[in-house]
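Asks: This is upload-v5.cif (mmCIF, C-alpha atoms).
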data_query
loop_
_atom_site.label_atom_id
_atom_site.label_comp_id
_atom_site.auth_asym_id
_atom_site.auth_seq_id
_atom_site.Cartn_x
_atom_site.Cartn_y
_atom_site.Cartn_z
CA MET T 1026 -105.51 -6.52 -24.24
CA ARG T 1027 -103.19 -8.45 -26.57
CA TYR T 1028 -100.10 -7.35 -24.69
CA ALA T 1029 -101.67 -8.05 -21.32
CA PHE T 1030 -102.57 -11.58 -22.39
CA GLY T 1031 -98.94 -12.22 -23.54
CA ILE T 1032 -97.51 -11.02 -20.24
CA ALA T 1033 -99.91 -13.26 -18.30
CA ALA T 1034 -98.86 -16.32 -20.38
CA LEU T 1035 -95.12 -15.68 -19.73
CA ALA T 1036 -95.80 -15.35 -16.01
CA ALA T 1037 -97.65 -18.69 -15.99
CA LEU T 1038 -94.78 -20.43 -17.78
CA ALA T 1039 -92.24 -19.00 -15.33
CA ALA T 1040 -94.28 -20.28 -12.38
CA CYS T 1041 -94.35 -23.82 -13.83
CA SER T 1042 -90.55 -24.09 -14.56
CA PRO T 1043 -88.38 -26.02 -11.97
CA PRO T 1044 -86.11 -23.94 -9.72
CA VAL T 1045 -82.41 -23.58 -10.63
CA PRO T 1046 -80.04 -25.19 -8.07
CA GLU T 1047 -78.63 -22.71 -5.61
CA SER T 1048 -80.71 -20.00 -7.24
CA GLY T 1049 -81.79 -18.81 -3.82
CA ALA T 1050 -78.25 -18.81 -2.36
CA PRO T 1051 -76.36 -15.58 -2.25
CA ALA T 1052 -73.75 -14.96 -4.93
CA ARG T 1053 -70.19 -16.16 -4.14
CA ASP T 1054 -66.95 -14.49 -5.01
CA VAL T 1055 -64.79 -17.07 -6.83
CA SER T 1056 -61.74 -14.81 -7.21
CA PHE T 1057 -58.65 -15.66 -5.14
CA GLY T 1058 -56.04 -13.26 -3.89
CA ASP T 1059 -53.17 -15.80 -3.75
CA TYR T 1060 -52.48 -19.53 -3.73
CA GLY T 1061 -53.23 -19.79 0.00
CA ASP T 1062 -56.80 -18.56 -0.51
CA TYR T 1063 -57.29 -21.03 -3.34
CA ASN T 1064 -55.89 -23.89 -1.27
CA SER T 1065 -58.20 -23.04 1.67
CA TYR T 1066 -61.19 -22.91 -0.61
CA THR T 1067 -60.27 -26.28 -2.18
CA VAL T 1068 -59.94 -27.95 1.26
CA ARG T 1069 -63.24 -26.49 2.44
CA ARG T 1070 -65.04 -27.47 -0.76
CA GLU T 1071 -63.66 -31.02 -0.57
CA SER T 1072 -64.85 -31.26 3.04
CA GLU T 1073 -68.37 -30.15 2.07
CA LEU T 1074 -68.61 -32.70 -0.74
CA THR T 1075 -67.20 -35.68 1.20
CA GLY T 1076 -68.73 -34.84 4.57
CA THR T 1077 -65.37 -35.11 6.39
CA PRO T 1078 -63.89 -32.41 8.61
CA PRO T 1079 -61.27 -30.26 6.89
CA ALA T 1080 -57.58 -30.89 7.61
CA GLN T 1081 -55.95 -28.67 10.18
CA PRO T 1082 -53.43 -26.10 8.91
CA GLY T 1083 -49.87 -27.49 8.98
CA ALA T 1084 -51.01 -31.14 9.05
CA ARG T 1085 -48.51 -33.61 7.49
CA ILE T 1086 -49.74 -35.52 4.45
CA GLY T 1087 -48.30 -39.00 4.03
CA PRO T 1088 -46.94 -41.72 6.32
CA SER T 1089 -46.23 -40.54 9.82
CA LEU T 1090 -42.72 -40.62 11.20
CA PRO T 1091 -41.87 -42.13 14.60
CA PRO T 1092 -42.18 -39.49 17.33
CA ALA T 1093 -39.27 -38.29 19.36
CA GLN T 1094 -38.30 -39.95 22.63
CA THR T 1095 -40.13 -37.36 24.74
CA ALA T 1096 -43.52 -37.16 26.42
CA ALA T 1097 -46.29 -36.37 23.95
CA THR T 1098 -49.92 -35.31 24.20
CA THR T 1099 -52.57 -36.87 21.98
CA THR T 1100 -55.44 -35.00 20.36
CA THR T 1101 -57.73 -36.13 23.19
CA GLY T 1102 -55.46 -34.54 25.78
CA THR T 1103 -54.02 -37.81 27.17
CA ARG T 1104 -50.31 -37.58 28.04
CA VAL T 1105 -48.26 -40.48 26.67
CA PRO T 1106 -45.19 -41.55 28.73
CA PRO T 1107 -41.81 -41.67 26.93
CA ASP T 1108 -41.33 -45.40 27.67
CA SER T 1109 -44.22 -46.37 25.41
CA LEU T 1110 -42.75 -44.55 22.40
CA PRO T 1111 -40.48 -46.40 19.91
CA PRO T 1112 -36.79 -45.74 20.56
CA ARG T 1113 -34.86 -43.47 18.27
CA GLN T 1114 -31.72 -44.74 16.60
CA THR T 1115 -28.67 -42.68 17.50
CA LEU T 1116 -25.15 -43.03 16.15
CA VAL T 1117 -22.59 -43.55 18.86
CA ASN T 1118 -18.89 -42.91 18.44
CA ALA T 1119 -18.24 -46.61 19.03
CA ASP T 1120 -20.17 -47.46 15.84
CA ILE T 1121 -17.81 -45.40 13.65
CA PRO T 1122 -14.86 -47.50 12.39
CA PRO T 1123 -11.48 -45.90 13.07
CA GLU T 1124 -9.62 -44.48 10.10
CA THR T 1125 -6.64 -46.44 8.88
CA PRO T 1126 -3.50 -44.29 8.87
CA ALA T 1127 -1.63 -43.90 5.61
CA LEU T 1128 1.42 -46.00 4.89
CA GLY T 1129 4.52 -44.60 6.58
CA THR T 1130 2.61 -42.33 8.99
CA THR T 1131 2.46 -42.54 12.76
CA THR T 1132 -0.62 -41.62 14.78
CA THR T 1133 -0.15 -39.85 18.11
CA ASN T 1134 -2.41 -38.00 20.49
CA ALA T 1135 -1.45 -34.73 18.86
CA GLY T 1136 -2.41 -35.95 15.37
CA THR T 1137 -0.85 -37.67 12.37
CA THR T 1138 2.85 -37.24 11.64
CA PRO T 1139 3.78 -37.01 7.92
CA PRO T 1140 6.08 -39.74 6.55
CA ASP T 1141 9.82 -39.23 6.43
CA PRO T 1142 10.91 -38.58 2.79
CA SER T 1143 14.21 -40.39 3.33
CA GLN T 1144 12.35 -43.54 4.42
CA SER T 1145 9.68 -43.55 1.68
CA ASN T 1146 12.11 -42.99 -1.27
CA ARG T 1147 14.59 -45.77 -0.69
CA GLY T 1148 14.68 -46.65 -4.40
CA LEU T 1149 15.94 -43.20 -5.49
CA SER T 1150 19.62 -42.47 -5.98
CA ASN T 1151 21.32 -40.11 -3.54
CA GLU T 1152 24.52 -39.62 -5.53
CA GLN T 1153 23.85 -35.86 -5.60
CA ASP T 1154 23.76 -35.68 -1.80
CA PHE T 1155 27.29 -34.72 -0.73
CA ASP T 1156 26.79 -35.77 2.90
CA GLU T 1157 25.49 -39.23 1.96
CA VAL T 1158 28.32 -39.82 -0.53
CA ALA T 1159 30.92 -38.55 1.97
CA ASN T 1160 29.68 -41.00 4.58
CA ARG T 1161 29.79 -43.87 2.12
CA GLN T 1162 33.01 -43.11 0.20
CA SER T 1163 36.33 -41.39 0.69
CA ILE T 1164 39.26 -40.18 -1.39
CA GLU T 1165 41.12 -43.44 -0.73
CA SER T 1166 38.15 -45.57 -1.83
CA ASP T 1167 37.80 -43.53 -5.03
CA ALA T 1168 41.50 -44.02 -5.82
CA GLU T 1169 41.19 -47.77 -5.23
CA ARG T 1170 38.18 -48.00 -7.52
CA LEU T 1171 39.99 -46.11 -10.31
CA ARG T 1172 42.99 -48.39 -9.98
CA ALA T 1173 40.81 -51.49 -10.25
CA ASN T 1174 39.12 -50.09 -13.38
CA ARG T 1175 42.48 -49.43 -15.04
CA GLU T 1176 43.62 -52.97 -14.35
CA ALA T 1177 40.44 -54.44 -15.80
CA PHE T 1178 40.63 -52.28 -18.96
CA GLN T 1179 41.53 -54.26 -22.09
CA VAL T 1180 42.40 -53.02 -25.57
CA ILE T 1181 41.29 -55.31 -28.41
CA GLU T 1182 43.40 -54.88 -31.51
CA PRO T 1183 41.66 -55.14 -34.89
CA THR T 1184 42.36 -58.23 -36.96
CA ALA T 1185 42.11 -58.97 -40.65
CA VAL T 1186 38.81 -60.03 -42.14
CA PRO T 1187 38.78 -63.82 -42.54
CA THR T 1188 39.04 -65.17 -46.06
CA ARG T 1189 36.09 -67.03 -47.48
CA THR T 1190 36.59 -70.69 -48.09
CA GLY T 1191 34.87 -72.78 -50.75
CA ASN T 1192 32.76 -71.61 -53.66
CA ALA T 1193 30.49 -69.04 -51.95
CA GLY T 1194 29.90 -67.03 -55.13
CA PRO T 1195 30.92 -63.47 -55.95
CA ASN T 1196 31.45 -60.99 -53.12
CA ILE T 1197 29.48 -57.85 -53.92
CA VAL T 1198 31.08 -55.96 -50.99
CA GLN T 1199 34.56 -56.60 -52.30
CA TYR T 1200 33.42 -55.63 -55.79
CA ALA T 1201 31.95 -52.35 -54.48
CA LEU T 1202 35.22 -51.49 -52.70
CA SER T 1203 37.33 -52.31 -55.75
CA SER T 1204 35.27 -50.16 -58.14
CA ARG T 1205 35.35 -46.37 -57.85
CA HIS T 1206 33.30 -45.09 -60.77
CA PRO T 1207 29.75 -43.77 -60.14
CA ARG T 1208 26.53 -45.28 -61.42
CA GLY T 1209 25.61 -44.54 -65.03
CA GLN T 1210 29.22 -44.23 -66.27
CA LYS T 1211 29.61 -46.65 -69.18
CA LEU T 1212 32.75 -48.83 -68.98
CA TYR T 1213 31.72 -52.00 -70.82
CA ARG T 1214 30.29 -52.65 -74.24
CA ARG T 1215 26.69 -53.76 -74.38
CA GLY T 1216 24.31 -54.83 -77.10
CA ILE T 1217 20.90 -53.39 -77.76
CA THR T 1218 18.54 -54.34 -74.95
CA SER T 1219 15.03 -52.96 -74.70
CA GLN T 1220 13.91 -51.30 -71.53
CA ARG T 1221 11.01 -53.70 -71.19
CA LYS T 1222 13.33 -56.71 -71.34
CA HIS T 1223 15.61 -55.11 -68.75
CA GLU T 1224 12.74 -54.48 -66.33
CA ARG T 1225 11.43 -58.00 -66.76
CA ALA T 1226 14.90 -59.44 -66.02
CA CYS T 1227 15.31 -57.34 -62.86
CA PHE T 1228 11.82 -58.26 -61.69
CA GLN T 1229 12.95 -61.86 -61.15
CA TYR T 1230 15.07 -60.87 -58.12
CA VAL T 1231 13.69 -59.75 -54.78
CA SER T 1232 16.59 -57.34 -54.13
CA SER T 1233 19.27 -55.51 -56.09
CA ASP T 1234 22.02 -57.35 -54.15
CA LEU T 1235 20.79 -60.69 -55.48
CA ALA T 1236 20.62 -59.23 -58.99
CA GLN T 1237 24.24 -58.01 -58.70
CA GLU T 1238 25.39 -61.43 -57.47
CA ALA T 1239 23.66 -63.13 -60.43
CA PHE T 1240 25.15 -60.56 -62.79
CA LEU T 1241 28.71 -61.22 -61.56
CA SER T 1242 28.16 -65.01 -61.58
CA ALA T 1243 27.05 -64.88 -65.25
CA GLY T 1244 30.29 -63.20 -66.47
CA GLY T 1245 29.80 -59.62 -65.35
CA PRO T 1246 30.84 -56.97 -65.45
CA GLN T 1247 32.52 -57.70 -68.80
CA ARG T 1248 29.47 -59.54 -70.15
CA ASP T 1249 25.76 -59.07 -69.56
CA ARG T 1250 24.17 -62.38 -70.50
CA LEU T 1251 21.07 -61.80 -68.33
CA GLY T 1252 20.27 -58.28 -69.53
CA LEU T 1253 20.71 -56.74 -66.07
CA ASP T 1254 23.21 -54.01 -67.05
CA PRO T 1255 22.12 -52.41 -70.34
CA ASP T 1256 24.00 -49.10 -69.71
CA GLY T 1257 27.38 -50.89 -69.21
CA ASP T 1258 28.35 -49.31 -65.85
CA GLY T 1259 28.94 -52.73 -64.25
CA TYR T 1260 26.04 -52.40 -61.80
CA ALA T 1261 22.97 -54.57 -62.27
CA CYS T 1262 19.46 -53.10 -62.04
CA ASP T 1263 19.36 -50.44 -59.30
CA TRP T 1264 22.29 -51.75 -57.29
CA ASP T 1265 24.24 -48.90 -55.57
CA PRO T 1266 27.82 -49.67 -54.44
CA SER T 1267 28.19 -46.38 -52.49
CA ARG T 1268 26.50 -47.80 -49.41
CA TYR T 1269 29.36 -50.30 -49.01
CA ARG T 1270 32.11 -47.77 -49.53
CA GLY T 1271 31.43 -45.79 -46.34
#
Go ahead and render the structure in this file as structure tokens.

Replies:
Amino acid sequence: MRYAFGIAALAALAACSPPVPESGAPARDVSFGDYGDYNSYTVRRESELTGTPPAQPGARIGPSLPPAQTAATTTTGTRVPPDSLPPRQTLVNADIPPETPALGTTTTNAGTTPPDPSQSNRGLSNEQDFDEVANRQSIESDAERLRANREAFQVIEPTAVPTRTGNAGPNIVQYALSSRHPRGQKLYRRGITSQRKHERACFQYVSSDLAQEAFLSAGGPQRDRLGLDPDGDGYACDWDPSRYRG
């Protein structure tokens, strides 16, 4: 009795519960064989939900393009004449601008003739072309040109170097040519001069030539009053006379 009463209570509860949507509809297969089946199902489902007829297969989605200039038939079966359709734009040969021929070329009915190399390279020398040179010159003209060159040839004889006038100071070039001993060879007596004093004295001149001129003007090479020649070779600081001797 207890079990029978429990079964009767469950049956009463099931009879009072609301029905599940689509519980009476047959079961549907939601598996798709390929993308086409899925797309067809999506279009059909969208049509059922919105209440609009499904799109025909192959229908174009988006703005429509102007039809061709031919007779067309509408969906209602009415034939539309070609005159009522918008005209199509076609490109005619007259709308294409003619090509400009390249510089130095000539256009004929047979095509384009390539430019003549002799006409396009007027700035190049043709001295290596025997025919061109033979047409322009001859043996007699060459002999005349050689004779004119010999007459115009002049020989300039060397002259003595001009002597300096006035008190222009010592000539370091003349001093370099008159002395033959190398640098570092002591020829003149010198006192004791520190290396630091010697460097400080040489630092006052921007070049060794100016230091040599000051050294000679102050009694050198016999005397070194400025401390520019502590080794007694007659050359101040780093002055090198070999560059003037050739």

Asks: As lines of an AutoDock Vina configuration file, please report the centre and edge lengths, rounded to one decimal in Å, of the axis-aligned box that holds all listed atoms of range 1059-1075 of chain T with 8 Å of padding on each of the six sides.

Replies:
center_x = -60.5
center_y = -25.7
center_z = -0.4
size_x = 32.1
size_y = 35.9
size_z = 22.8

Asks: If you measure from CA of Ala1243 in chain T to CA of Lys1222 in chain T, what distance in Å do you get, rounded to one decimal?

Replies: 17.1 Å

Asks: As an exercise, work out the distance from CA of Asp1234 in chain T to CA of Trp1264 in chain T in Å and give it to one decimal place.

Replies: 6.4 Å

Asks: Just to confirm, what's the straight-line distance from CA of Gly1252 in chain T to CA of Val1198 in chain T in Å (one decimal)?

Replies: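 One can read the CA of Gly1252 in chain T to CA of Val1198 in chain T distance as 21.6 Å.
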
Asks: Which residue gives the smallest distance to Gly1194 in chain T among T:Leu1241, T:Ala1236, T:Leu1251, T:Ile1032, with all atoms listed in the file counted?

Replies: T:Leu1241

Asks: Considering all atoms listed in the file, return as an MDAnalysis selection string whatever protein or nucleic-acid residues lie within 7 Å of range 1253-1256 of chain T, sequence-local ones (same chain, fewer than 2 positions apart) excluded.

Replies: chainID T and resid 1209 1211 1215 1218 1223 1226:1227 1240 1249 1251 1258:1262

Asks: Output C-alpha atoms of each residue in that selection to a file, as a PDB file, in the frame of the given file.

Replies:
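selection-v1.pdb, freshly written:
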ATOM      1  CA  GLY T1209      25.610 -44.540 -65.030  1.00  0.00           C
ATOM      2  CA  LYS T1211      29.610 -46.650 -69.180  1.00  0.00           C
ATOM      3  CA  ARG T1215      26.690 -53.760 -74.380  1.00  0.00           C
ATOM      4  CA  THR T1218      18.540 -54.340 -74.950  1.00  0.00           C
ATOM      5  CA  HIS T1223      15.610 -55.110 -68.750  1.00  0.00           C
ATOM      6  CA  ALA T1226      14.900 -59.440 -66.020  1.00  0.00           C
ATOM      7  CA  CYS T1227      15.310 -57.340 -62.860  1.00  0.00           C
ATOM      8  CA  PHE T1240      25.150 -60.560 -62.790  1.00  0.00           C
ATOM      9  CA  ASP T1249      25.760 -59.070 -69.560  1.00  0.00           C
ATOM     10  CA  LEU T1251      21.070 -61.800 -68.330  1.00  0.00           C
ATOM     11  CA  ASP T1258      28.350 -49.310 -65.850  1.00  0.00           C
ATOM     12  CA  GLY T1259      28.940 -52.730 -64.250  1.00  0.00           C
ATOM     13  CA  TYR T1260      26.040 -52.400 -61.800  1.00  0.00           C
ATOM     14  CA  ALA T1261      22.970 -54.570 -62.270  1.00  0.00           C
ATOM     15  CA  CYS T1262      19.460 -53.100 -62.040  1.00  0.00           C
TER      16      CYS T1262
END
